[in-house]
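Listing of work-v1.txt, compact mmCIF, C-alpha atoms and all ligand atoms
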# COMPACT_ATOMS: atom_id res chain seq x y z
CA MET A 1 11.52 4.60 -16.71
CA SER A 2 11.84 1.59 -14.57
CA HIS A 3 12.52 -1.99 -15.59
CA GLU A 4 12.04 -3.66 -12.28
CA VAL A 5 9.18 -6.09 -11.88
CA PRO A 6 6.35 -4.52 -9.87
CA VAL A 7 5.44 -6.54 -6.80
CA SER A 8 2.03 -6.60 -5.16
CA ILE A 9 1.68 -7.92 -1.65
CA LEU A 10 -1.56 -9.79 -1.08
CA THR A 11 -2.55 -9.76 2.54
CA GLY A 12 -5.69 -10.29 4.57
CA PHE A 13 -6.78 -12.06 7.66
CA LEU A 14 -7.13 -15.82 8.01
CA GLY A 15 -10.09 -17.04 6.05
CA ALA A 16 -10.75 -13.62 4.50
CA GLY A 17 -10.76 -15.11 1.02
CA LYS A 18 -7.21 -14.64 -0.29
CA THR A 19 -7.04 -18.15 -1.70
CA THR A 20 -10.40 -17.80 -3.41
CA LEU A 21 -9.22 -14.54 -4.92
CA LEU A 22 -5.91 -16.03 -6.05
CA ARG A 23 -7.56 -19.04 -7.63
CA HIS A 24 -9.75 -16.72 -9.65
CA LEU A 25 -6.83 -14.50 -10.59
CA LEU A 26 -4.67 -17.43 -11.67
CA ALA A 27 -7.27 -18.57 -14.16
CA HIS A 28 -7.81 -15.10 -15.58
CA PRO A 29 -6.50 -14.56 -19.12
CA GLU A 30 -5.34 -11.05 -18.22
CA MET A 31 -2.94 -12.52 -15.70
CA GLY A 32 -0.52 -13.81 -18.36
CA GLN A 33 3.07 -12.91 -17.53
CA THR A 34 2.26 -12.72 -13.87
CA ALA A 35 4.25 -14.71 -11.33
CA VAL A 36 2.58 -15.58 -8.06
CA VAL A 37 4.39 -16.65 -4.91
CA ILE A 38 2.33 -18.67 -2.45
CA ASN A 39 3.12 -20.87 0.52
CA GLU A 40 1.83 -24.14 -0.85
CA PHE A 41 0.22 -25.24 -4.08
CA GLY A 42 -2.24 -27.32 -2.12
CA GLU A 43 -3.82 -24.27 -0.56
CA VAL A 44 -4.82 -22.82 -3.87
CA GLY A 45 -5.92 -26.17 -5.29
CA LEU A 46 -4.66 -25.47 -8.80
CA ASP A 47 -7.01 -26.64 -11.49
CA HIS A 48 -5.16 -29.43 -13.32
CA ASN A 49 -6.72 -28.45 -16.60
CA LEU A 50 -4.86 -25.20 -16.37
CA VAL A 51 -1.46 -26.65 -15.54
CA GLU A 52 0.97 -26.74 -18.46
CA LYS A 53 4.20 -27.64 -16.79
CA SER A 54 5.23 -28.16 -13.25
CA SER A 55 8.30 -28.84 -11.18
CA GLU A 56 8.80 -29.17 -7.47
CA ASP A 57 8.25 -25.53 -6.63
CA THR A 58 7.03 -23.96 -9.87
CA VAL A 59 3.91 -24.42 -11.96
CA LEU A 60 3.23 -22.82 -15.30
CA LEU A 61 -0.44 -22.32 -16.09
CA SER A 62 -2.03 -22.13 -19.50
CA SER A 63 -3.08 -18.58 -18.69
CA GLY A 64 0.66 -17.76 -18.75
CA CYS A 65 0.67 -17.35 -15.02
CA LEU A 66 3.70 -18.71 -13.18
CA CYS A 67 3.09 -19.99 -9.70
CA CYS A 68 5.88 -20.64 -7.16
CA THR A 69 6.04 -21.74 -3.59
CA VAL A 70 8.29 -20.21 -1.00
CA ARG A 71 11.51 -22.11 -0.39
CA GLY A 72 13.47 -21.03 2.61
CA ASP A 73 12.65 -17.40 3.08
CA LEU A 74 10.82 -15.07 0.80
CA VAL A 75 13.89 -13.02 -0.08
CA LYS A 76 15.68 -16.15 -1.31
CA THR A 77 12.63 -17.19 -3.28
CA LEU A 78 12.41 -13.82 -5.01
CA GLN A 79 16.14 -13.81 -5.76
CA SER A 80 16.10 -17.31 -7.17
CA LEU A 81 13.03 -16.50 -9.24
CA SER A 82 14.78 -13.61 -10.87
CA ILE A 83 17.92 -15.64 -11.52
CA ARG A 84 15.87 -18.40 -13.13
CA ARG A 85 14.11 -15.82 -15.23
CA ILE A 86 17.38 -14.38 -16.49
CA ARG A 87 18.62 -17.88 -17.32
CA GLY A 88 15.40 -18.60 -19.18
CA GLU A 89 14.50 -21.43 -16.82
CA VAL A 90 11.13 -19.86 -16.14
CA PRO A 91 9.11 -17.75 -18.57
CA GLU A 92 9.40 -14.00 -18.59
CA PHE A 93 7.04 -12.32 -16.12
CA GLU A 94 6.20 -8.69 -15.83
CA ARG A 95 4.42 -8.67 -12.51
CA LEU A 96 4.72 -10.52 -9.23
CA VAL A 97 2.10 -11.15 -6.57
CA VAL A 98 3.21 -12.37 -3.15
CA GLU A 99 0.68 -13.91 -0.83
CA THR A 100 1.47 -13.43 2.83
CA THR A 101 0.05 -15.70 5.47
CA GLY A 102 -3.00 -14.36 7.24
CA LEU A 103 -1.38 -13.22 10.43
CA ALA A 104 1.58 -11.58 8.85
CA ASP A 105 2.33 -7.94 9.30
CA PRO A 106 3.14 -6.81 5.76
CA ALA A 107 5.72 -4.27 6.99
CA PRO A 108 8.85 -6.47 6.90
CA ILE A 109 8.29 -7.54 3.32
CA LEU A 110 7.62 -3.93 2.35
CA HIS A 111 10.91 -2.95 4.00
CA THR A 112 12.78 -5.56 2.04
CA LEU A 113 11.26 -4.45 -1.24
CA MET A 114 12.06 -0.83 -0.51
CA ASN A 115 15.63 -1.22 0.62
CA ASP A 116 17.24 -4.59 0.01
CA GLU A 117 20.10 -3.85 -2.37
CA ILE A 118 19.88 -7.06 -4.31
CA LEU A 119 16.11 -7.29 -4.55
CA THR A 120 15.57 -3.68 -5.57
CA ARG A 121 17.66 -4.29 -8.68
CA ASP A 122 15.00 -6.62 -10.01
CA TYR A 123 11.83 -5.68 -8.19
CA ARG A 124 9.96 -2.65 -7.01
CA LEU A 125 7.00 -2.37 -4.71
CA ASP A 126 3.75 -1.81 -6.54
CA GLY A 127 1.38 -1.93 -3.61
CA VAL A 128 -0.36 -3.76 -0.84
CA ILE A 129 -3.66 -5.47 -1.62
CA SER A 130 -5.58 -6.26 1.56
CA VAL A 131 -8.52 -8.60 1.53
CA VAL A 132 -11.23 -7.70 4.02
CA ASP A 133 -14.03 -10.13 4.72
CA ALA A 134 -17.30 -8.17 4.82
CA ALA A 135 -18.98 -10.79 7.01
CA ASN A 136 -16.30 -11.23 9.67
CA GLY A 137 -14.24 -8.13 8.96
CA PRO A 138 -15.80 -5.86 11.60
CA ASP A 139 -15.20 -8.42 14.36
CA THR A 140 -11.72 -9.14 13.14
CA LEU A 141 -10.92 -5.42 13.07
CA ASP A 142 -12.18 -5.13 16.66
CA THR A 143 -10.18 -8.02 18.00
CA HIS A 144 -6.99 -8.27 15.93
CA ARG A 145 -4.58 -5.39 15.71
CA GLU A 146 -2.81 -6.96 12.75
CA SER A 147 -5.97 -6.84 10.68
CA VAL A 148 -6.33 -3.11 11.36
CA LYS A 149 -2.75 -2.62 10.24
CA GLN A 150 -3.28 -4.70 7.11
CA ALA A 151 -6.22 -2.51 6.15
CA ALA A 152 -4.43 0.72 7.08
CA VAL A 153 -1.32 0.11 4.98
CA ALA A 154 -3.24 -1.13 1.93
CA ASP A 155 -3.16 0.52 -1.49
CA ARG A 156 -6.16 -1.55 -2.54
CA LEU A 157 -8.88 -2.96 -0.31
CA VAL A 158 -10.72 -5.99 -1.66
CA LEU A 159 -14.05 -6.69 0.01
CA THR A 160 -15.04 -10.34 -0.03
CA LYS A 161 -18.21 -12.10 1.13
CA THR A 162 -20.31 -9.04 0.45
CA ASP A 163 -23.08 -11.48 -0.52
CA LEU A 164 -23.37 -12.45 3.14
CA VAL A 165 -24.16 -9.01 4.55
CA GLY A 166 -26.87 -6.40 4.14
CA ALA A 167 -26.43 -2.95 2.66
CA ARG A 168 -26.25 -1.30 6.06
CA GLU A 169 -23.50 -3.53 7.38
CA LEU A 170 -21.58 -3.02 4.20
CA ASP A 171 -21.93 0.76 4.46
CA GLU A 172 -20.70 0.66 8.04
CA LEU A 173 -17.70 -1.43 7.13
CA GLU A 174 -16.88 0.85 4.22
CA ALA A 175 -17.11 3.92 6.46
CA ARG A 176 -14.74 2.29 8.86
CA LEU A 177 -12.30 1.44 6.10
CA VAL A 178 -12.47 4.99 4.77
CA ALA A 179 -11.53 6.25 8.22
CA LEU A 180 -8.63 3.82 8.43
CA ASN A 181 -7.40 4.37 4.94
CA PRO A 182 -9.16 7.07 2.94
CA ALA A 183 -7.13 6.82 -0.27
CA ALA A 184 -7.29 3.09 -0.97
CA PRO A 185 -9.97 2.15 -3.51
CA ARG A 186 -12.40 -0.46 -2.16
CA ILE A 187 -13.06 -3.20 -4.68
CA GLY A 188 -15.82 -5.78 -4.28
CA ALA A 189 -14.93 -9.40 -5.08
CA ASP A 190 -17.82 -11.81 -5.19
CA HIS A 191 -16.30 -15.25 -4.56
CA GLY A 192 -12.96 -13.98 -5.71
CA ARG A 193 -14.23 -12.47 -8.94
CA VAL A 194 -12.38 -9.28 -9.58
CA GLU A 195 -10.84 -7.57 -12.58
CA PRO A 196 -7.10 -8.03 -12.17
CA GLY A 197 -6.51 -4.53 -13.55
CA ALA A 198 -8.25 -3.02 -10.54
CA LEU A 199 -5.66 -4.51 -8.19
CA PHE A 200 -2.43 -3.47 -9.85
CA GLY A 201 -0.67 -0.29 -10.82
CA ALA A 202 -0.86 1.13 -7.30
CA GLY A 203 2.75 2.30 -7.28
CA LEU A 204 4.19 5.64 -8.19
CA TYR A 205 4.99 4.56 -11.72
CA ASP A 206 2.09 4.17 -14.06
CA PRO A 207 2.90 1.13 -16.19
CA ALA A 208 0.67 2.46 -18.98
CA THR A 209 2.53 5.73 -19.43
CA LYS A 210 5.87 4.53 -17.99
CA SER A 211 6.03 7.68 -15.95
CA ALA A 212 5.39 8.74 -12.39
CA ASP A 213 1.83 9.60 -11.54
CA VAL A 214 2.28 11.37 -8.22
CA ARG A 215 -1.21 12.66 -7.89
CA ARG A 216 -2.84 9.27 -8.24
CA TRP A 217 -0.24 7.66 -5.98
CA LEU A 218 -0.48 10.25 -3.22
CA LYS A 219 -4.20 11.00 -3.43
CA ALA A 220 -3.65 13.70 -0.83
CA GLU A 221 -7.12 15.13 -1.36
CA ALA A 222 -8.61 11.98 0.18
CA TYR A 223 -7.06 12.79 3.56
CA ALA A 224 -8.26 15.23 6.20
CA ASP A 225 -5.90 18.22 6.26
CA ALA A 226 -4.34 18.41 9.70
CA SER A 227 -2.41 21.63 9.08
CA ALA A 228 -3.38 24.15 11.75
CA ASP A 229 -3.83 26.96 9.26
CA GLY A 230 -5.38 24.61 6.71
CA THR A 231 -4.74 26.71 3.61
CA PRO A 232 -4.15 23.94 1.17
CA HIS A 233 -4.95 25.79 -2.01
CA SER A 234 -4.61 29.41 -1.07
CA GLY A 235 -1.03 29.54 -2.22
CA ALA A 236 -0.42 31.72 0.81
CA HIS A 237 2.89 31.25 2.49
CA ARG A 238 2.64 29.42 5.67
CA HIS A 239 4.05 31.47 8.50
CA HIS A 240 4.00 31.01 12.21
CA HIS A 241 0.92 29.23 13.25
CA ASP A 242 -2.13 30.98 14.41
CA ASP A 243 -3.74 29.42 17.43
CA THR A 244 -7.16 30.87 16.73
CA HIS A 245 -7.44 28.51 13.78
CA ARG A 246 -6.33 25.47 15.63
CA HIS A 247 -8.63 22.49 16.15
CA GLN A 248 -10.91 23.26 13.26
CA HIS A 249 -9.47 20.46 11.17
CA HIS A 250 -9.79 17.70 13.63
CA GLN A 251 -13.43 16.91 13.19
CA HIS A 252 -12.59 13.63 11.45
CA ASP A 253 -12.47 11.62 14.59
CA VAL A 254 -12.00 8.04 13.57
CA ASN A 255 -11.42 6.70 17.03
CA ARG A 256 -14.95 5.55 17.53
CA HIS A 257 -13.75 1.97 17.18
CA GLY A 258 -10.67 2.42 19.28
CA ASP A 259 -8.44 1.47 16.36
CA GLY A 260 -6.26 4.43 17.19
CA ILE A 261 -5.52 4.88 13.50
CA ARG A 262 -5.40 8.40 12.11
CA ALA A 263 -5.04 9.25 8.45
CA PHE A 264 -4.25 12.86 7.61
CA SER A 265 -2.27 15.14 5.35
CA LEU A 266 0.04 18.08 6.00
CA GLY A 267 1.02 20.76 3.53
CA TRP A 268 3.75 23.35 3.32
CA ASP A 269 3.67 26.24 0.89
CA ARG A 270 7.27 27.40 0.84
CA PRO A 271 10.20 25.40 -0.51
CA VAL A 272 11.56 23.13 2.17
CA ASP A 273 15.14 22.91 3.41
CA TRP A 274 15.93 19.26 2.74
CA ASP A 275 18.14 18.85 5.82
CA HIS A 276 15.44 20.26 8.09
CA LEU A 277 12.89 17.91 6.61
CA ALA A 278 15.24 14.95 6.94
CA ASP A 279 15.90 15.86 10.61
CA TRP A 280 12.20 16.06 11.29
CA ILE A 281 11.49 12.70 9.67
CA GLU A 282 14.42 11.15 11.49
CA MET A 283 13.08 12.44 14.79
CA LEU A 284 9.63 11.01 14.02
CA VAL A 285 11.03 7.67 13.00
CA THR A 286 13.32 7.42 16.02
CA LEU A 287 10.57 8.24 18.49
CA TYR A 288 7.51 6.77 16.82
CA GLY A 289 8.72 4.53 13.97
CA GLY A 290 6.52 1.55 14.73
CA GLN A 291 3.45 3.77 14.89
CA ILE A 292 3.96 5.45 11.56
CA LEU A 293 2.29 2.86 9.42
CA ARG A 294 2.77 4.75 6.22
CA LEU A 295 4.08 8.09 5.05
CA LYS A 296 4.03 9.25 1.47
CA GLY A 297 4.81 12.65 0.12
CA VAL A 298 6.00 14.96 -2.55
CA VAL A 299 8.41 17.69 -1.48
CA ASP A 300 9.25 21.05 -3.00
CA VAL A 301 12.91 21.20 -2.02
CA GLU A 302 14.66 24.56 -1.76
CA GLY A 303 17.09 25.08 -4.62
CA GLU A 304 15.73 22.11 -6.49
CA GLU A 305 13.65 22.40 -9.66
CA LYS A 306 12.38 18.85 -9.49
CA PRO A 307 9.98 17.34 -7.00
CA VAL A 308 11.32 14.79 -4.53
CA VAL A 309 9.17 11.86 -3.50
CA VAL A 310 9.37 10.30 -0.04
CA HIS A 311 7.84 7.02 1.03
CA GLY A 312 8.16 5.23 4.36
CA VAL A 313 6.70 2.28 6.21
CA GLN A 314 7.42 2.37 9.94
CA HIS A 315 11.18 2.71 10.47
CA VAL A 316 12.13 2.19 6.90
CA PHE A 317 12.23 4.68 4.08
CA HIS A 318 12.55 4.18 0.42
CA PRO A 319 15.54 6.23 -0.77
CA PRO A 320 14.05 9.62 -1.77
CA ALA A 321 13.41 9.77 -5.51
CA ARG A 322 13.75 12.84 -7.68
CA LEU A 323 11.12 12.99 -10.40
CA PRO A 324 11.80 14.48 -13.82
CA GLU A 325 9.34 17.34 -13.33
CA TRP A 326 6.40 18.65 -11.34
CA PRO A 327 3.24 17.01 -12.62
CA ALA A 328 1.00 19.37 -14.57
CA ASP A 329 -2.00 18.34 -12.48
CA MET A 330 -0.49 19.32 -9.10
CA ASP A 331 0.42 22.54 -7.36
CA ARG A 332 4.09 22.97 -6.77
CA ARG A 333 3.83 22.49 -3.06
CA THR A 334 4.95 20.05 -0.40
CA ARG A 335 2.29 17.54 0.58
CA LEU A 336 2.68 14.66 2.99
CA VAL A 337 0.13 12.02 3.89
CA PHE A 338 0.33 9.93 7.02
CA ILE A 339 -1.39 6.87 8.42
CA VAL A 340 -0.41 6.56 12.06
CA LYS A 341 -1.39 4.58 15.10
CA ASP A 342 -2.01 6.13 18.53
CA LEU A 343 -0.44 9.44 17.58
CA ASP A 344 -1.97 12.89 17.39
CA PRO A 345 -1.91 14.69 14.03
CA GLU A 346 -1.36 17.96 15.89
CA MET A 347 1.97 16.69 17.11
CA PHE A 348 3.03 16.21 13.50
CA ASP A 349 1.84 19.67 12.57
CA HIS A 350 3.63 21.31 15.52
CA THR A 351 6.89 19.51 15.05
CA MET A 352 6.81 20.07 11.29
CA GLN A 353 6.62 23.80 11.94
CA ALA A 354 9.33 23.64 14.57
CA PHE A 355 11.74 21.81 12.28
CA LEU A 356 10.93 23.50 8.96
CA ASP A 357 10.56 27.04 10.26
CA ARG A 358 14.09 27.16 11.64
N1 LIG B 401 -20.10 -16.42 0.60
C1 LIG B 401 -18.87 -16.17 0.21
N2 LIG B 401 -17.86 -16.97 0.62
C2 LIG B 401 -16.62 -16.69 0.22
C3 LIG B 401 -16.31 -15.58 -0.62
N3 LIG B 401 -14.96 -15.57 -0.81
C4 LIG B 401 -14.46 -16.61 -0.14
N4 LIG B 401 -15.45 -17.31 0.49
C5 LIG B 401 -15.31 -18.51 1.34
O1 LIG B 401 -14.59 -18.18 2.50
C6 LIG B 401 -13.82 -19.28 2.93
C7 LIG B 401 -12.37 -18.86 3.16
O2 LIG B 401 -11.83 -18.46 1.93
P1 LIG B 401 -10.31 -18.68 1.56
O3 LIG B 401 -10.14 -18.15 0.19
O4 LIG B 401 -9.88 -20.05 1.85
O5 LIG B 401 -9.64 -17.70 2.59
P2 LIG B 401 -8.08 -17.41 2.86
O6 LIG B 401 -7.97 -15.98 3.18
O7 LIG B 401 -7.26 -17.92 1.75
O8 LIG B 401 -7.88 -18.29 4.12
P3 LIG B 401 -6.47 -18.74 4.74
O9 LIG B 401 -5.67 -19.29 3.62
O10 LIG B 401 -6.92 -19.75 5.74
O11 LIG B 401 -5.92 -17.50 5.33
C8 LIG B 401 -13.97 -20.34 1.88
O12 LIG B 401 -14.91 -21.27 2.33
C9 LIG B 401 -14.51 -19.58 0.68
O13 LIG B 401 -15.29 -20.37 -0.16
C10 LIG B 401 -17.40 -14.74 -1.05
O14 LIG B 401 -17.24 -13.73 -1.75
N5 LIG B 401 -18.65 -15.09 -0.59
Would you mind writing the file out in structure tokens?
Ligand SMILES: Nc1nc2c(ncn2[C@@H]2O[C@H](COP(=O)(O)OP(=O)(O)OP(=O)(O)O)[C@@H](O)[C@H]2O)c(=O)[nH]1
Amino acid sequence: MSHEVPVSILTGFLGAGKTTLLRHLLAHPEMGQTAVVINEFGEVGLDHNLVEKSSEDTVLLSSGCLCCTVRGDLVKTLQSLSIRRIRGEVPEFERLVVETTGLADPAPILHTLMNDEILTRDYRLDGVISVVDAANGPDTLDTHRESVKQAAVADRLVLTKTDLVGARELDELEARLVALNPAAPRIGADHGRVEPGALFGAGLYDPATKSADVRRWLKAEAYADASADGTPHSGAHRHHHDDTHRHQHHQHDVNRHGDGIRAFSLGWDRPVDWDHLADWIEMLVTLYGGQILRLKGVVDVEGEEKPVVVHGVQHVFHPPARLPEWPADMDRRTRLVFIVKDLDPEMFDHTMQAFLDR
């Protein structure tokens, strides 16, 4: 369905173990036809036995992996990489991994991959892989807001240095990550050792079936339902809200650590007027854009047979995509999942009703 190269963003705090993970990935036979963009070759310390060919900013490894360094900005690097691929100057690659520097907020690169007209011709966002250091992670999460964001926007969480902590600490960290980001699988990586397959294929399109897998992508069931009437599977139409049922769905209080991150889902049982939904989202983005770390959803649009998928990171939205059909494994029903910072899920529920019930 889609010929663009899927891009995974590898993020994680300074010293979390990104380089160790990359070095392992680069040597992995399964990584053939993968291109990796890093800041400097020196950081990864490429094993010379694995190097087949190299030029100033590109190295081809015997695993088939192509490794490039960033020249100028990342957008230029990605553009030039795809031009060189078309010209046959670099081998064909079917996947791209971009390492961000430790402090970076992954949002700007996500925005570019979602909306840049030139880049989206050749690439599409697969997902965000965030490396969390089990030994220092809890402290880092307490003291660095960026690290909380990196974990909250992730599609895959890779836990490193698990050998350095006990079972209890690990459980606590996992519970904290579940609260921050309930849908992202947590994958252990002992000294960078991880199955590459576990990291990729986080996007809407399943590369194996070449079709959209909304249910896996959205994973709405992993989120606490913040709808006031909370009737996710009753099939009942959602009418004006009933205050007697309010508050019962807010027991998932994840603010124990003061992260201020809330992850929740909202549902809507009747077909949605697209303009009303768009107005609501626009209002949210205008007022709270920077605090809406991630929004994903599937929408049952009035007068529309096919489901429409929405996906946003802060102020920027992927153009809504119409899928060929409703997946057999999902109810035909609007479902949105949110990961937000310092915002109350009830506000989303109230305003959703106000905008959609017009
Ligand atoms: N014990 C243990 N140490 C690890 C593990 N993974 C990485 N390390 C060590 O952690 C240190 C930092 O790892 P790097 O891979 O350099 O981390 P990084 O995220 O690339 O660091 P920056 O590039 O500085 O952001 C290194 O000394 C690694 O050997 C692990 O699973 N267990």
(message) Using only C-alpha atoms and all ligand atoms, which residues have at least one atom no more than 7 Å from ligand LIG 401 (chain B)? Output them as a ChimeraX atom specification.
(response) /A:12-21,43,101-102,160-164,189-192
Give me the range 76-194 of chain A side of the contact with range 287-292 of chain A, cut-off 12 Å, one line per residue showing its nearest atom pair and distance in Å at one decimal, counting all atoms listed in the file, sorted by chain and residue number, as CSV.
residue,atom,partner,partner_atom,distance
A:Asp105,CA,A:Gly290,CA,11.7
A:Ala107,CA,A:Gly290,CA,9.7
A:Pro108,CA,A:Gly290,CA,11.4
A:Lys149,CA,A:Gln291,CA,10.0
A:Ala152,CA,A:Ile292,CA,10.6
A:Val153,CA,A:Ile292,CA,10.0
Residue selection dump (C-alpha atoms) as an mmCIF file, keeping the file's coordinate frame:
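Below is the file selection-v7.cif, written as the result:
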data_model
loop_
_atom_site.group_PDB
_atom_site.id
_atom_site.type_symbol
_atom_site.label_atom_id
_atom_site.label_comp_id
_atom_site.auth_asym_id
_atom_site.auth_seq_id
_atom_site.Cartn_x
_atom_site.Cartn_y
_atom_site.Cartn_z
ATOM 1 C CA ASP A 105 2.330 -7.940 9.300
ATOM 2 C CA ALA A 107 5.720 -4.270 6.990
ATOM 3 C CA PRO A 108 8.850 -6.470 6.900
ATOM 4 C CA LYS A 149 -2.750 -2.620 10.240
ATOM 5 C CA ALA A 152 -4.430 0.720 7.080
ATOM 6 C CA VAL A 153 -1.320 0.110 4.980
#
(message) Measuring between only C-alpha atoms, which one of A:Met352, A:Val301, A:Val194, A:Ala212 shows the shortest distance to Ser227 in chain A?
(response) A:Met352
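The interatomic distance for the pair CA of Val5 in chain A and CA of Trp217 in chain A works out to 17.7 Å.
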(message) Could you tell me how far CA of Cys65 in chain A sits from CA of Phe200 in chain A, in Å to one decimal place?
(response)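 Interatomic distance, CA of Phe200 in chain A to CA of Cys65 in chain A: 15.1 Å.
Atom pair CA of Gly203 in chain A / CA of Leu125 in chain A has a distance of 6.8 Å (rounded to one decimal).
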For the point (0.5, -8.0, 15.7) in file coordinates, what residues are within 9 Å, counting all atoms listed in the file? Give the answer as a PDB file with C-alpha atoms, in the frame of the given file?
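Resulting contents of part_10.pdb:
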ATOM      1  CA  LEU A 103      -1.380 -13.220  10.430  1.00  0.00           C
ATOM      2  CA  ALA A 104       1.580 -11.580   8.850  1.00  0.00           C
ATOM      3  CA  ASP A 105       2.330  -7.940   9.300  1.00  0.00           C
ATOM      4  CA  HIS A 144      -6.990  -8.270  15.930  1.00  0.00           C
ATOM      5  CA  ARG A 145      -4.580  -5.390  15.710  1.00  0.00           C
ATOM      6  CA  GLU A 146      -2.810  -6.960  12.750  1.00  0.00           C
ATOM      7  CA  SER A 147      -5.970  -6.840  10.680  1.00  0.00           C
ATOM      8  CA  LYS A 149      -2.750  -2.620  10.240  1.00  0.00           C
TER       9      LYS A 149
END
(message) Let me make sure I understand: among A:Glu92, A:Glu172, A:Glu52, A:Glu346, which one has the smallest atom-to-atom distance to Ala134 in chain A if we use all atoms listed in the file?
(response)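 Of A:Glu92, A:Glu172, A:Glu52, A:Glu346, the one nearest Ala134 in chain A is A:Glu172, counting all atoms listed in the file.
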(request) Just the residues within 6 Å of Pro6 in chain A, please, counting all atoms listed in the file, with nothing from its chain fewer than 5 positions along; format it as a PyMOL selection string. (result) chain A and resi 95+123-126
(message) Could you check which residues have any atom within 9 Å of (-6.4, 13.9, 5.3), counting all atoms listed in the file with coordinates taken straight from the file, and then list them as a PyMOL selection string?
(response) chain A and resi 182+220-226+252+262-266+337-338
With N, CA and C atoms as the goal, would you fill in the gaps in range 39-50 of chain A and present it as a PDB file, in the frame of the given file?
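File result-v3.pdb, as written:
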ATOM      1  N   ASN A  39       2.444 -19.971  -0.411  1.00  0.00           N
ATOM      2  CA  ASN A  39       3.120 -20.870   0.520  1.00  0.00           C
ATOM      3  C   ASN A  39       3.105 -22.311   0.063  1.00  0.00           C
ATOM      4  N   GLU A  40       1.953 -22.750  -0.402  1.00  0.00           N
ATOM      5  CA  GLU A  40       1.830 -24.140  -0.850  1.00  0.00           C
ATOM      6  C   GLU A  40       0.824 -24.233  -1.981  1.00  0.00           C
ATOM      7  N   PHE A  41       1.157 -25.055  -2.961  1.00  0.00           N
ATOM      8  CA  PHE A  41       0.220 -25.240  -4.080  1.00  0.00           C
ATOM      9  C   PHE A  41      -1.119 -25.770  -3.582  1.00  0.00           C
ATOM     10  N   GLY A  42      -1.042 -26.652  -2.615  1.00  0.00           N
ATOM     11  CA  GLY A  42      -2.240 -27.320  -2.120  1.00  0.00           C
ATOM     12  C   GLY A  42      -3.311 -26.339  -1.668  1.00  0.00           C
ATOM     13  N   GLU A  43      -2.866 -25.254  -1.079  1.00  0.00           N
ATOM     14  CA  GLU A  43      -3.820 -24.270  -0.560  1.00  0.00           C
ATOM     15  C   GLU A  43      -4.709 -23.692  -1.655  1.00  0.00           C
ATOM     16  N   VAL A  44      -4.065 -23.442  -2.790  1.00  0.00           N
ATOM     17  CA  VAL A  44      -4.820 -22.820  -3.870  1.00  0.00           C
ATOM     18  C   VAL A  44      -5.614 -23.858  -4.651  1.00  0.00           C
ATOM     19  N   GLY A  45      -5.207 -25.118  -4.574  1.00  0.00           N
ATOM     20  CA  GLY A  45      -5.920 -26.170  -5.290  1.00  0.00           C
ATOM     21  C   GLY A  45      -5.948 -25.876  -6.771  1.00  0.00           C
ATOM     22  N   LEU A  46      -4.750 -25.836  -7.385  1.00  0.00           N
ATOM     23  CA  LEU A  46      -4.660 -25.470  -8.800  1.00  0.00           C
ATOM     24  C   LEU A  46      -5.469 -26.431  -9.662  1.00  0.00           C
ATOM     25  N   ASP A  47      -6.187 -25.853 -10.585  1.00  0.00           N
ATOM     26  CA  ASP A  47      -7.010 -26.640 -11.490  1.00  0.00           C
ATOM     27  C   ASP A  47      -6.087 -27.347 -12.495  1.00  0.00           C
ATOM     28  N   HIS A  48      -6.114 -28.677 -12.488  1.00  0.00           N
ATOM     29  CA  HIS A  48      -5.160 -29.430 -13.320  1.00  0.00           C
ATOM     30  C   HIS A  48      -5.332 -29.175 -14.805  1.00  0.00           C
ATOM     31  N   ASN A  49      -6.529 -28.769 -15.191  1.00  0.00           N
ATOM     32  CA  ASN A  49      -6.720 -28.450 -16.600  1.00  0.00           C
ATOM     33  C   ASN A  49      -5.918 -27.228 -17.019  1.00  0.00           C
ATOM     34  N   LEU A  50      -5.565 -26.436 -16.039  1.00  0.00           N
ATOM     35  CA  LEU A  50      -4.860 -25.200 -16.370  1.00  0.00           C
ATOM     36  C   LEU A  50      -3.342 -25.366 -16.310  1.00  0.00           C
TER      37      LEU A  50
END
